[in-house]
Amino acid sequence: MSAEAVTATKSRLQPKWSVPKAKETPVLKFQNSLTKTKTEFIPKDGRRVTWYNCGPTVYDASHMGHARTYLSMDIIRRVLEDYFRYEVLFVQNITDIDDKIILRARQQYLFNQLIQQIQQLDQTLIQQTEEAWVEYAQSKLKKLDSSLVTLATTQWTEFVKKMTPEEVAKAVALDEKFKMIFSALDVSYHAIQKAKTNVSKGNKSKESAIELLTASQDIMSSWLDTRKGSEVNDPKVFRELPAYWEAKYFEDMEALNVRAPDVQTRVSEYIPEIISYVQKIIDNGYAYEADGSVYFDTSRYDGHHGHHYAKLEPWSKGDTALIEDGEGSLGSKLQGKKSPNDFALWKSSKPGEPVWASPWSQGRPGWHIECSVMASAVLGENMDIHSGGVDLAFPHHDNELAQAEAHFDCNQWVNYFLHAGHLHVEGQKMSKSLKNFITINEALKTYSARQLRIFFLVHQWDAKMDFKKSSMQESIQLEQTMKNFFDNSKALINKVKNDGSRGATTLANGDITHRNTEAEMNLIKVLQSKQDAVHAALCDSINTPVAMNEIMDLINTTNKYMAGGAKTVNTNLLFKVAKWITTMMKTFGVADNGADIGFGGNAGQGGSTEDTLMPYVQVLASFRDQVRIGARNKVEHTEFLKLCDGLRDNQMVDLGVSLDDQEDGIALVKFVPREELIQIREKKQAIAAEKEAKKAAAAAERERKRLEKLEKGKLAPSEMFKTNSEFTRFDEQGIPTHTQEGELTKNRRKKLQKEYDAQSKLHADYLKEFKSA
């Protein structure tokens with residue numbers, strides 16, 4: 001083959017293709033409580049992720065401690081689903097059988113019965129309340145020195161005097177609930193004294209009786225439960241309380257924009273499964289029956305067939321206080337354990353407790369078994385993620401792991417255990433006794449759900465978080481910074497869209513050029529670097545504080561880029577930046593789905609197009625009418641400017657539209673909440689009013705001084721010294737020359753001449769004013 005033929009053949013062949021070299025990117029890792037390290041996240045089924053989250057025990061209002069777990073886990077879930085694009089099956093339980101629920105339901109039922117039965121205030125009711133008060137004091141103050149308990153129950157007022165700040169601090173060190181107990185006793189004591197006074201004065205009304213009982217509710221409820229609790233056997237009593245608080249919990253979660261679980265389970269609906277599960281643990285040799293209850297045999301399990309007890313917190317083994325707390329106030333009294341470390345899988349019920357039939361007794365499930373059973377029922381013998389609050393790690397989560405691995409006789413039921421950090425309030429642990437207990441509903445009366453979510457985002461999910469006003473103010477400022485950015489971005493994009501420039505720049509010679517300059521190239525680099533940094537942060541155990549810092553830095557850079565206004569910005573690039581930031585806010589649950597740019601919030605309002613547009617059309621029509629009338633009447637051009645200012649400051653504000661006047665004469669149009677614009681307008685008006693008031697005050701002061709000067713000018717200079725008895729002789733102008741002691745000195749005459757000249761000027765001004773009047 002000739003050289004020419006070879007060349008021709010080669011020219012018809014594709015050249016060799018080079019394989020691109022991919023940049024190394026981080027992989028997702030989680031802070032795994034099972035290793036106490038950040039471990040790479042490897043789901044067992046590709047893109048599918050199975051996840052069980054410990055739900056609430058529903059016997060009271062959900063508080064910010066609950067929000068710490070559920071809002072934090074919601075953020076992680078959203079990042080997995082919407083950013084990393086995993087298919088997550090999220091399962092969460094409701095604990096509706098529990099010692100706390102039983103006690104609260106029983107006590108509330110008995111107290112309500114008493115309220116319904118009471119007809120009047122009498123000595124019997126007062127005596128019962130006093131008896132309850134003494135029992136409560138003796139029971140709740142038992143951690144104090146016995147002499148203090150005796151003083152409290154016999155001379156309460158003296159006990160109160162003795163409780164100096166130092167003594168209270170000592171009491172709190174012995175019992176962290178002391179302040180709450182003290183408050184309950186003190187309120188009830190004063191209510192009892194008032195009731196005695198009412199009876200002595202003949203006031204035995206039903207209202208007075210209810211007032212006494214309401215003030216003593218905690219004390220009377222405990223007293224009633226001790227005497228009549230065993231008589232409460234209606235299953236409805238134990239169902240209604242958790243059903244009520246479950247509904248309230250989901251209302252709070254919806255208000256916080258927390259996604260509902262994909263699968264929701266309740267303990268009360270899984271009793272047959274629990275019984276079978278416990279039986280399997282017995283059959284495998286890791287549980288035993290005693291007096292109708294079933295206990296997990298921790299000694300038999302730990303170290304047997306590769307099993308390990310307390311995987312999460314092995315150092316907490318044998319912690320009696322934690323173990324007893326895990327057993328519950330009713331369960332801790334059960335008998336028959338082989339070891340103090342063993343825990344109840346099934347509890348034999350006593351009178352006054354809900355019951356289900358089982359092979360061992362008429363009883364009810366232990367606390368820990370429920371999650372093992374329900375998670376296993378839905379997710380099987382192994383799951384990717386289990387999560388909950390860090391306070392549940394031992395014994396609850398450790399017991400869950402032991403139960404499930406004993407049931408399946410496996411070594412790893414959970415691959416990744418995530419624990420949300422503690423929540424403190426203003427530097428202290430949240431508790432009712434410290435009076436810093438904040439329910440979710442209360443928090444939402446002060447802050448919006450968006451502001452609370454931003455606050456959570458700027459704190460790492462597994463670290464301690466301090467909920468305080470100063471930090472919330474920082475979150476509110478972050479929200480406002482983002483909102484301003486979104487508003488300005490949309491306004492500039494809309495302005496360029498409608499100014500006829502098509503986003504090009506007109507040069508001095510009339511030519512046009514693009515807006516892909518060095519400024520745009522730099523912004524692209526910043527955007528890409530921030531996208532990489534956010535990705536790296538989210539891979540680093542969902543580090544949202546770092547991610548938020550990177551996003552806010554991008555906003556600050558883009559704000560500087562936008563400072564040049566509509567004549568310089570590349571709106572395609574600006575749209576890309578703003579849209580990406582919006583997408584990240586949607587991922588975090590801060591922004592609503594819908595709008596390309598901004599937080600959103602208008603979706604789902606409904607209404608026809610006519611209903612939506614009519615207020616704006618009416619304002620436009622009214623403005624047009626006023627312009628036409630002014631033109632026909634040939635008013636001054638300043639009147640048209642006043643009309644424009646009125647449109648901007650009044651009608652547009654009422655519609656939630658901001659017209660931000662620019663140097664080029666074309667306003668930036670922004671949609672801003674009406675209330676916010678009204679506040680801005682009122683602030684401007686207040687500043688203007690203050691300025692006018694100062695101006696008026698200054699004018700009044702000038703007038704006062706002018707009149708004062710005129711008043712002084714009434715007196716003719718020739719007469720001004722003659723009323724002074726010091727002087728005896730005067731010259732022809734009326735200026736003194738002598739005193740009783742003789743002729744005035746030259747220096748003194750010079751000073752009097754100056755006074756004369758000044759009065760001459762004042763008198764001349766006075767005569768001039770009088771003449772003109």
# chains A, B, ... in the order shown; residues from 1 in each chain; ligands from 1
call {"tool": "residues_around", "arguments": {"residues": "Ala105 of chain A", "least_positions_apart": "4", "cutoff": "9 Å", "atoms": "only C-alpha atoms", "output": "ChimeraX atom specification"}}
result
/A:59,100-101,109-110,237-242
call {"tool": "write_last_selection", "arguments": {"atoms": "all heavy atoms", "output": "compact mmCIF listing (two decimals), in the first residue's frame"}}
result
# COMPACT_ATOMS: atom_id res chain seq x y z
N TYR A 59 -47.51 10.83 76.65
CA TYR A 59 -48.29 11.04 77.87
C TYR A 59 -48.33 12.52 78.27
O TYR A 59 -48.98 12.89 79.25
CB TYR A 59 -47.71 10.21 79.03
CG TYR A 59 -46.37 10.68 79.53
CD1 TYR A 59 -46.28 11.47 80.68
CD2 TYR A 59 -45.20 10.33 78.87
CE1 TYR A 59 -45.04 11.90 81.15
CE2 TYR A 59 -43.97 10.76 79.33
CZ TYR A 59 -43.89 11.53 80.47
OH TYR A 59 -42.68 11.96 80.93
N LYS A 100 -45.16 5.38 82.66
CA LYS A 100 -45.52 6.80 82.79
C LYS A 100 -46.96 7.03 82.31
O LYS A 100 -47.70 7.81 82.92
CB LYS A 100 -44.56 7.67 81.97
CG LYS A 100 -43.12 7.66 82.44
CD LYS A 100 -42.31 8.67 81.64
CE LYS A 100 -40.83 8.62 81.99
NZ LYS A 100 -40.17 7.43 81.42
N ILE A 101 -47.31 6.37 81.21
CA ILE A 101 -48.67 6.52 80.67
C ILE A 101 -49.70 5.94 81.64
O ILE A 101 -50.74 6.56 81.90
CB ILE A 101 -48.78 5.83 79.30
CG1 ILE A 101 -47.92 6.55 78.26
CG2 ILE A 101 -50.24 5.76 78.83
CD1 ILE A 101 -47.83 5.84 76.93
N TYR A 109 -57.56 10.23 85.58
CA TYR A 109 -58.93 9.68 85.64
C TYR A 109 -59.51 9.85 87.05
O TYR A 109 -60.64 10.32 87.22
CB TYR A 109 -58.90 8.20 85.25
CG TYR A 109 -60.20 7.47 85.47
CD1 TYR A 109 -61.28 7.64 84.61
CD2 TYR A 109 -60.36 6.59 86.56
CE1 TYR A 109 -62.48 6.97 84.83
CE2 TYR A 109 -61.53 5.93 86.78
CZ TYR A 109 -62.60 6.11 85.91
OH TYR A 109 -63.79 5.44 86.12
N LEU A 110 -58.73 9.49 88.07
CA LEU A 110 -59.22 9.59 89.45
C LEU A 110 -59.42 11.04 89.87
O LEU A 110 -60.40 11.37 90.56
CB LEU A 110 -58.21 8.91 90.39
CG LEU A 110 -58.10 7.38 90.25
CD1 LEU A 110 -56.91 6.86 91.03
CD2 LEU A 110 -59.39 6.71 90.70
N VAL A 237 -59.45 3.91 79.71
CA VAL A 237 -58.69 4.92 80.46
C VAL A 237 -57.25 4.97 79.97
O VAL A 237 -56.66 6.05 79.83
CB VAL A 237 -58.73 4.60 81.97
CG1 VAL A 237 -57.78 5.53 82.74
CG2 VAL A 237 -60.15 4.73 82.50
N PHE A 238 -56.67 3.79 79.68
CA PHE A 238 -55.26 3.72 79.29
C PHE A 238 -55.06 3.95 77.80
O PHE A 238 -53.92 4.05 77.35
CB PHE A 238 -54.69 2.36 79.70
CG PHE A 238 -54.84 2.07 81.17
CD1 PHE A 238 -55.75 1.13 81.64
CD2 PHE A 238 -54.08 2.76 82.11
CE1 PHE A 238 -55.89 0.88 82.99
CE2 PHE A 238 -54.22 2.52 83.47
CZ PHE A 238 -55.13 1.58 83.91
N ARG A 239 -56.15 4.04 77.03
CA ARG A 239 -56.05 4.31 75.60
C ARG A 239 -56.25 5.79 75.28
O ARG A 239 -55.63 6.34 74.37
CB ARG A 239 -57.08 3.49 74.81
CG ARG A 239 -56.75 2.02 74.70
CD ARG A 239 -57.55 1.36 73.58
NE ARG A 239 -58.99 1.48 73.77
CZ ARG A 239 -59.75 0.54 74.34
NH1 ARG A 239 -59.19 -0.58 74.79
NH2 ARG A 239 -61.04 0.71 74.49
N GLU A 240 -57.15 6.44 76.01
CA GLU A 240 -57.53 7.81 75.66
C GLU A 240 -56.39 8.81 75.84
O GLU A 240 -56.17 9.69 75.02
CB GLU A 240 -58.75 8.24 76.48
CG GLU A 240 -60.04 7.56 76.04
CD GLU A 240 -61.24 8.03 76.84
OE1 GLU A 240 -61.04 8.62 77.94
OE2 GLU A 240 -62.38 7.80 76.39
N LEU A 241 -55.64 8.68 76.94
CA LEU A 241 -54.55 9.63 77.20
C LEU A 241 -53.48 9.57 76.11
O LEU A 241 -53.15 10.61 75.51
CB LEU A 241 -53.93 9.37 78.57
CG LEU A 241 -52.76 10.31 78.90
CD1 LEU A 241 -53.27 11.65 79.39
CD2 LEU A 241 -51.84 9.70 79.95
N PRO A 242 -52.92 8.39 75.79
CA PRO A 242 -51.90 8.38 74.72
C PRO A 242 -52.46 8.75 73.34
O PRO A 242 -51.73 9.34 72.54
CB PRO A 242 -51.38 6.93 74.74
CG PRO A 242 -52.43 6.14 75.42
CD PRO A 242 -53.07 7.07 76.41
call {"tool": "residues_around", "arguments": {"residues": "Glu741 of chain A", "least_positions_apart": "4", "cutoff": "12 Å", "atoms": "only C-alpha atoms", "output": "JSON, numbers by chain"}}
result
{"A": [726, 727, 728, 729, 737, 745]}
call {"tool": "write_last_selection", "arguments": {"atoms": "N, CA and C atoms", "output": "mmCIF file, in the first residue's frame"}}
result
data_model
loop_
_atom_site.group_PDB
_atom_site.id
_atom_site.type_symbol
_atom_site.label_atom_id
_atom_site.label_comp_id
_atom_site.auth_asym_id
_atom_site.auth_seq_id
_atom_site.Cartn_x
_atom_site.Cartn_y
_atom_site.Cartn_z
ATOM 1 N N GLU A 726 -27.177 102.559 92.801
ATOM 2 C CA GLU A 726 -25.719 102.676 92.937
ATOM 3 C C GLU A 726 -25.204 103.950 92.265
ATOM 4 N N PHE A 727 -25.844 104.323 91.126
ATOM 5 C CA PHE A 727 -25.354 105.448 90.332
ATOM 6 C C PHE A 727 -26.076 106.740 90.743
ATOM 7 N N THR A 728 -25.295 107.873 90.753
ATOM 8 C CA THR A 728 -25.867 109.167 91.200
ATOM 9 C C THR A 728 -25.887 110.209 90.078
ATOM 10 N N ARG A 729 -24.930 110.103 89.131
ATOM 11 C CA ARG A 729 -24.876 111.074 88.032
ATOM 12 C C ARG A 729 -24.688 110.343 86.709
ATOM 13 N N THR A 737 -21.845 108.220 85.367
ATOM 14 C CA THR A 737 -20.488 108.802 85.465
ATOM 15 C C THR A 737 -19.988 108.759 86.904
ATOM 16 N N THR A 745 -14.343 104.755 87.424
ATOM 17 C CA THR A 745 -13.047 104.572 86.770
ATOM 18 C C THR A 745 -13.241 104.428 85.280
#
call {"tool": "atom_distance", "arguments": {"atom1": "atom CA of Val199 of chain A", "atom2": "atom CA of Asp122 of chain A"}}
result
6.8 Å
call {"tool": "closest_residue", "arguments": {"among": "A:His738, A:Glu743, A:Glu289, A:Ile476", "to": "Ser725 of chain A", "atoms": "only C-alpha atoms"}}
result
A:His738
call {"tool": "residues_around", "arguments": {"residues": "Val267 of chain A", "least_positions_apart": "2", "cutoff": "6 Å", "atoms": "only C-alpha atoms", "output": "short mmCIF file (atom, residue, chain, number, x, y, z; two decimals) with N, CA, C and O atoms, in the first residue's frame"}}
result
data_model
loop_
_atom_site.label_atom_id
_atom_site.label_comp_id
_atom_site.auth_asym_id
_atom_site.auth_seq_id
_atom_site.Cartn_x
_atom_site.Cartn_y
_atom_site.Cartn_z
N THR A 95 -44.95 4.88 71.41
CA THR A 95 -45.07 4.11 72.65
C THR A 95 -46.35 4.53 73.36
O THR A 95 -46.42 5.63 73.92
N GLU A 269 -50.70 -2.26 69.17
CA GLU A 269 -51.15 -3.02 68.00
C GLU A 269 -50.23 -4.20 67.68
O GLU A 269 -50.47 -4.93 66.72
N TYR A 270 -49.17 -4.39 68.48
CA TYR A 270 -48.19 -5.45 68.20
C TYR A 270 -48.04 -6.43 69.36
O TYR A 270 -47.01 -7.09 69.49
#
call {"tool": "closest_residue", "arguments": {"among": "A:Glu273, A:Asp462, A:Glu732, A:Glu176", "to": "Ala375 of chain A", "atoms": "only C-alpha atoms"}}
result
A:Glu273
call {"tool": "residues_around", "arguments": {"residues": "Ala566 of chain A", "least_positions_apart": "2", "cutoff": "9 Å", "atoms": "only C-alpha atoms", "output": "PDB file with N, CA, C and O atoms, in the first residue's frame"}}
result
ATOM      1  N   LEU A 492     -33.825  41.704  40.362  1.00  0.00           N
ATOM      2  CA  LEU A 492     -32.869  42.011  39.288  1.00  0.00           C
ATOM      3  C   LEU A 492     -33.140  41.173  38.041  1.00  0.00           C
ATOM      4  O   LEU A 492     -33.091  41.679  36.912  1.00  0.00           O
ATOM      5  N   ILE A 493     -33.422  39.907  38.247  1.00  0.00           N
ATOM      6  CA  ILE A 493     -33.712  39.024  37.104  1.00  0.00           C
ATOM      7  C   ILE A 493     -34.942  39.520  36.353  1.00  0.00           C
ATOM      8  O   ILE A 493     -34.949  39.597  35.104  1.00  0.00           O
ATOM      9  N   LYS A 495     -36.146  42.571  36.365  1.00  0.00           N
ATOM     10  CA  LYS A 495     -35.880  43.884  35.772  1.00  0.00           C
ATOM     11  C   LYS A 495     -35.151  43.738  34.441  1.00  0.00           C
ATOM     12  O   LYS A 495     -35.516  44.374  33.435  1.00  0.00           O
ATOM     13  N   VAL A 496     -34.118  42.902  34.402  1.00  0.00           N
ATOM     14  CA  VAL A 496     -33.366  42.691  33.151  1.00  0.00           C
ATOM     15  C   VAL A 496     -34.252  42.021  32.108  1.00  0.00           C
ATOM     16  O   VAL A 496     -34.177  42.336  30.909  1.00  0.00           O
ATOM     17  N   GLY A 503     -30.081  41.164  28.499  1.00  0.00           N
ATOM     18  CA  GLY A 503     -28.934  40.802  29.317  1.00  0.00           C
ATOM     19  C   GLY A 503     -27.604  41.184  28.727  1.00  0.00           C
ATOM     20  O   GLY A 503     -26.548  40.730  29.196  1.00  0.00           O
ATOM     21  N   MET A 562     -23.970  41.537  42.844  1.00  0.00           N
ATOM     22  CA  MET A 562     -25.219  42.205  42.457  1.00  0.00           C
ATOM     23  C   MET A 562     -25.197  43.704  42.711  1.00  0.00           C
ATOM     24  O   MET A 562     -26.096  44.421  42.251  1.00  0.00           O
ATOM     25  N   ALA A 563     -24.201  44.181  43.448  1.00  0.00           N
ATOM     26  CA  ALA A 563     -24.178  45.603  43.828  1.00  0.00           C
ATOM     27  C   ALA A 563     -24.149  46.522  42.625  1.00  0.00           C
ATOM     28  O   ALA A 563     -24.589  47.677  42.695  1.00  0.00           O
ATOM     29  N   GLY A 564     -23.645  46.030  41.496  1.00  0.00           N
ATOM     30  CA  GLY A 564     -23.600  46.851  40.282  1.00  0.00           C
ATOM     31  C   GLY A 564     -24.958  47.105  39.668  1.00  0.00           C
ATOM     32  O   GLY A 564     -25.094  47.966  38.791  1.00  0.00           O
ATOM     33  N   THR A 568     -25.263  45.465  35.023  1.00  0.00           N
ATOM     34  CA  THR A 568     -24.011  44.719  34.988  1.00  0.00           C
ATOM     35  C   THR A 568     -24.176  43.217  35.207  1.00  0.00           C
ATOM     36  O   THR A 568     -23.314  42.440  34.797  1.00  0.00           O
ATOM     37  N   VAL A 569     -25.262  42.780  35.867  1.00  0.00           N
ATOM     38  CA  VAL A 569     -25.343  41.372  36.253  1.00  0.00           C
ATOM     39  C   VAL A 569     -25.686  40.472  35.074  1.00  0.00           C
ATOM     40  O   VAL A 569     -26.407  40.871  34.149  1.00  0.00           O
ATOM     41  N   ASN A 570     -25.158  39.263  35.129  1.00  0.00           N
ATOM     42  CA  ASN A 570     -25.538  38.202  34.198  1.00  0.00           C
ATOM     43  C   ASN A 570     -26.650  37.422  34.886  1.00  0.00           C
ATOM     44  O   ASN A 570     -26.408  36.673  35.833  1.00  0.00           O
ATOM     45  N   THR A 571     -27.878  37.620  34.423  1.00  0.00           N
ATOM     46  CA  THR A 571     -29.020  37.061  35.135  1.00  0.00           C
ATOM     47  C   THR A 571     -29.099  35.535  35.029  1.00  0.00           C
ATOM     48  O   THR A 571     -29.664  34.881  35.905  1.00  0.00           O
TER      49      THR A 571
END
call {"tool": "residues_around", "arguments": {"residues": "Glu254 of chain A", "least_positions_apart": "6", "cutoff": "12 Å", "atoms": "only C-alpha atoms", "output": "list in words"}}
result
Ala67, Tyr70, Leu71, Asp74, Ala247, Lys248, Ala260, Pro261, Ile440, Asn441, Leu444, Ala449 and Gly589 of chain A
call {"tool": "write_last_selection", "arguments": {"atoms": "N, CA and C atoms", "output": "PDB file, in the first residue's frame"}}
result
ATOM      1  N   ALA A  67     -37.971  17.791  69.951  1.00  0.00           N
ATOM      2  CA  ALA A  67     -37.633  18.433  68.674  1.00  0.00           C
ATOM      3  C   ALA A  67     -36.161  18.210  68.337  1.00  0.00           C
ATOM      4  N   TYR A  70     -36.263  14.694  66.708  1.00  0.00           N
ATOM      5  CA  TYR A  70     -37.099  14.473  65.516  1.00  0.00           C
ATOM      6  C   TYR A  70     -36.784  15.458  64.391  1.00  0.00           C
ATOM      7  N   LEU A  71     -36.473  16.697  64.742  1.00  0.00           N
ATOM      8  CA  LEU A  71     -36.114  17.674  63.714  1.00  0.00           C
ATOM      9  C   LEU A  71     -34.720  17.374  63.152  1.00  0.00           C
ATOM     10  N   ASP A  74     -35.036  14.436  60.903  1.00  0.00           N
ATOM     11  CA  ASP A  74     -35.737  14.836  59.683  1.00  0.00           C
ATOM     12  C   ASP A  74     -34.770  15.490  58.690  1.00  0.00           C
ATOM     13  N   ALA A 247     -51.942  12.568  68.927  1.00  0.00           N
ATOM     14  CA  ALA A 247     -52.464  13.537  67.952  1.00  0.00           C
ATOM     15  C   ALA A 247     -51.749  14.876  68.094  1.00  0.00           C
ATOM     16  N   LYS A 248     -51.519  15.290  69.345  1.00  0.00           N
ATOM     17  CA  LYS A 248     -50.824  16.561  69.581  1.00  0.00           C
ATOM     18  C   LYS A 248     -49.381  16.498  69.085  1.00  0.00           C
ATOM     19  N   ALA A 260     -43.690  12.949  57.834  1.00  0.00           N
ATOM     20  CA  ALA A 260     -44.310  11.835  58.550  1.00  0.00           C
ATOM     21  C   ALA A 260     -43.553  10.549  58.229  1.00  0.00           C
ATOM     22  N   PRO A 261     -43.546   9.581  59.168  1.00  0.00           N
ATOM     23  CA  PRO A 261     -42.873   8.312  58.884  1.00  0.00           C
ATOM     24  C   PRO A 261     -43.553   7.570  57.733  1.00  0.00           C
ATOM     25  N   ILE A 440     -42.924  22.441  72.332  1.00  0.00           N
ATOM     26  CA  ILE A 440     -42.793  22.833  70.929  1.00  0.00           C
ATOM     27  C   ILE A 440     -43.824  23.906  70.599  1.00  0.00           C
ATOM     28  N   ASN A 441     -45.019  23.737  71.116  1.00  0.00           N
ATOM     29  CA  ASN A 441     -46.080  24.707  70.857  1.00  0.00           C
ATOM     30  C   ASN A 441     -45.707  26.088  71.385  1.00  0.00           C
ATOM     31  N   LEU A 444     -43.055  27.704  69.180  1.00  0.00           N
ATOM     32  CA  LEU A 444     -43.595  28.180  67.902  1.00  0.00           C
ATOM     33  C   LEU A 444     -44.421  29.462  68.057  1.00  0.00           C
ATOM     34  N   ALA A 449     -41.326  28.062  62.405  1.00  0.00           N
ATOM     35  CA  ALA A 449     -40.733  26.743  62.160  1.00  0.00           C
ATOM     36  C   ALA A 449     -39.453  26.873  61.332  1.00  0.00           C
ATOM     37  N   GLY A 589     -35.347  21.428  54.199  1.00  0.00           N
ATOM     38  CA  GLY A 589     -36.692  21.637  54.728  1.00  0.00           C
ATOM     39  C   GLY A 589     -36.967  23.063  55.134  1.00  0.00           C
TER      40      GLY A 589
END
call {"tool": "atom_distance", "arguments": {"atom1": "atom CA of Glu405 of chain A", "atom2": "atom CA of Ser376 of chain A"}}
result
10.5 Å
call {"tool": "closest_residue", "arguments": {"among": "A:Ala406, A:Ile687, A:Leu418, A:Ile75", "to": "Ile454 of chain A", "atoms": "only C-alpha atoms"}}
result
A:Ile75
call {"tool": "closest_residue", "arguments": {"among": "A:Leu392, A:Ile274, A:Leu457, A:Ile94", "to": "Ala377 of chain A", "atoms": "only C-alpha atoms"}}
result
A:Ile274
call {"tool": "closest_residue", "arguments": {"among": "A:Gly421, A:Ser471, A:Ala152, A:His307", "to": "Gln138 of chain A", "atoms": "only C-alpha atoms"}}
result
A:Ala152
call {"tool": "residues_around", "arguments": {"residues": "segment 754-770 of chain A", "least_positions_apart": "5", "cutoff": "9 Å", "atoms": "only C-alpha atoms", "output": "PyMOL selection string"}}
result
chain A and resi 709-718+720-721+734-735+749
call {"tool": "write_last_selection", "arguments": {"atoms": "N, CA, C and O atoms", "output": "mmCIF file, in the first residue's frame"}}
result
data_model
loop_
_atom_site.group_PDB
_atom_site.id
_atom_site.type_symbol
_atom_site.label_atom_id
_atom_site.label_comp_id
_atom_site.auth_asym_id
_atom_site.auth_seq_id
_atom_site.Cartn_x
_atom_site.Cartn_y
_atom_site.Cartn_z
ATOM 1 N N LYS A 709 -35.513 88.276 73.584
ATOM 2 C CA LYS A 709 -34.678 89.425 73.210
ATOM 3 C C LYS A 709 -35.529 90.676 73.017
ATOM 4 O O LYS A 709 -35.157 91.774 73.435
ATOM 5 N N LEU A 710 -36.690 90.504 72.373
ATOM 6 C CA LEU A 710 -37.578 91.655 72.182
ATOM 7 C C LEU A 710 -38.050 92.225 73.511
ATOM 8 O O LEU A 710 -38.157 93.441 73.692
ATOM 9 N N GLU A 711 -38.344 91.320 74.433
ATOM 10 C CA GLU A 711 -38.802 91.759 75.743
ATOM 11 C C GLU A 711 -37.723 92.604 76.433
ATOM 12 O O GLU A 711 -38.008 93.623 77.079
ATOM 13 N N LYS A 712 -36.476 92.108 76.278
ATOM 14 C CA LYS A 712 -35.366 92.867 76.858
ATOM 15 C C LYS A 712 -35.216 94.235 76.182
ATOM 16 O O LYS A 712 -34.795 95.214 76.792
ATOM 17 N N GLY A 713 -35.586 94.301 74.874
ATOM 18 C CA GLY A 713 -35.407 95.528 74.110
ATOM 19 C C GLY A 713 -36.444 96.609 74.386
ATOM 20 O O GLY A 713 -36.354 97.729 73.868
ATOM 21 N N LYS A 714 -37.472 96.302 75.179
ATOM 22 C CA LYS A 714 -38.494 97.298 75.507
ATOM 23 C C LYS A 714 -37.879 98.522 76.201
ATOM 24 O O LYS A 714 -38.302 99.659 76.000
ATOM 25 N N LEU A 715 -36.915 98.296 77.044
ATOM 26 C CA LEU A 715 -36.321 99.358 77.854
ATOM 27 C C LEU A 715 -35.345 100.179 77.007
ATOM 28 O O LEU A 715 -34.427 99.625 76.405
ATOM 29 N N ALA A 716 -35.561 101.516 76.981
ATOM 30 C CA ALA A 716 -34.657 102.401 76.227
ATOM 31 C C ALA A 716 -33.294 102.410 76.903
ATOM 32 O O ALA A 716 -33.203 102.395 78.140
ATOM 33 N N PRO A 717 -32.213 102.440 76.153
ATOM 34 C CA PRO A 717 -30.862 102.415 76.748
ATOM 35 C C PRO A 717 -30.627 103.604 77.674
ATOM 36 O O PRO A 717 -29.870 103.484 78.643
ATOM 37 N N SER A 718 -31.270 104.741 77.404
ATOM 38 C CA SER A 718 -31.061 105.942 78.245
ATOM 39 C C SER A 718 -31.649 105.762 79.640
ATOM 40 O O SER A 718 -31.301 106.496 80.563
ATOM 41 N N MET A 720 -31.845 102.537 81.178
ATOM 42 C CA MET A 720 -31.502 101.228 81.725
ATOM 43 C C MET A 720 -30.706 101.281 83.028
ATOM 44 O O MET A 720 -30.796 100.379 83.861
ATOM 45 N N PHE A 721 -29.921 102.367 83.249
ATOM 46 C CA PHE A 721 -29.108 102.430 84.466
ATOM 47 C C PHE A 721 -29.742 103.282 85.564
ATOM 48 O O PHE A 721 -29.288 103.251 86.716
ATOM 49 N N GLY A 734 -27.291 108.929 79.232
ATOM 50 C CA GLY A 734 -27.845 108.148 80.329
ATOM 51 C C GLY A 734 -26.874 107.136 80.873
ATOM 52 O O GLY A 734 -27.245 106.275 81.670
ATOM 53 N N ILE A 735 -25.590 107.237 80.465
ATOM 54 C CA ILE A 735 -24.568 106.312 80.955
ATOM 55 C C ILE A 735 -24.029 106.867 82.266
ATOM 56 O O ILE A 735 -23.677 108.046 82.341
ATOM 57 N N ARG A 749 -16.353 102.572 83.196
ATOM 58 C CA ARG A 749 -17.131 103.292 82.196
ATOM 59 C C ARG A 749 -17.146 102.540 80.874
ATOM 60 O O ARG A 749 -18.156 102.509 80.168
#
call {"tool": "select_by_dssp", "arguments": {"residues": "segment 426-575 of chain A", "states": "strand (DSSP E or B)", "output": "list in words"}}
result
Gln428, Lys429, Thr439, Met465, Asp466, Phe467, Thr505, Thr506, Ile512, Thr513 and Asp540 of chain A
call {"tool": "residues_around", "arguments": {"residues": "Ala171 of chain A", "least_positions_apart": "6", "cutoff": "9 Å", "atoms": "only C-alpha atoms", "output": "ChimeraX atom specification"}}
result
/A:143-144,163,178-179
call {"tool": "select_by_dssp", "arguments": {"residues": "segment 545-741 of chain A", "states": "helix (DSSP H, G or I)", "output": "NGL selection string"}}
result
:A and (545-562 or 571-588 or 609-632 or 637-654 or 674-713 or 717-719)
call {"tool": "closest_residue", "arguments": {"among": "A:Met383, A:Gln753, A:Ala357, A:Lys204", "to": "Ile118 of chain A", "atoms": "only C-alpha atoms"}}
result
A:Lys204
call {"tool": "atom_distance", "arguments": {"atom1": "atom CA of Asn257 of chain A", "atom2": "atom CA of Asp592 of chain A"}}
result
9.6 Å
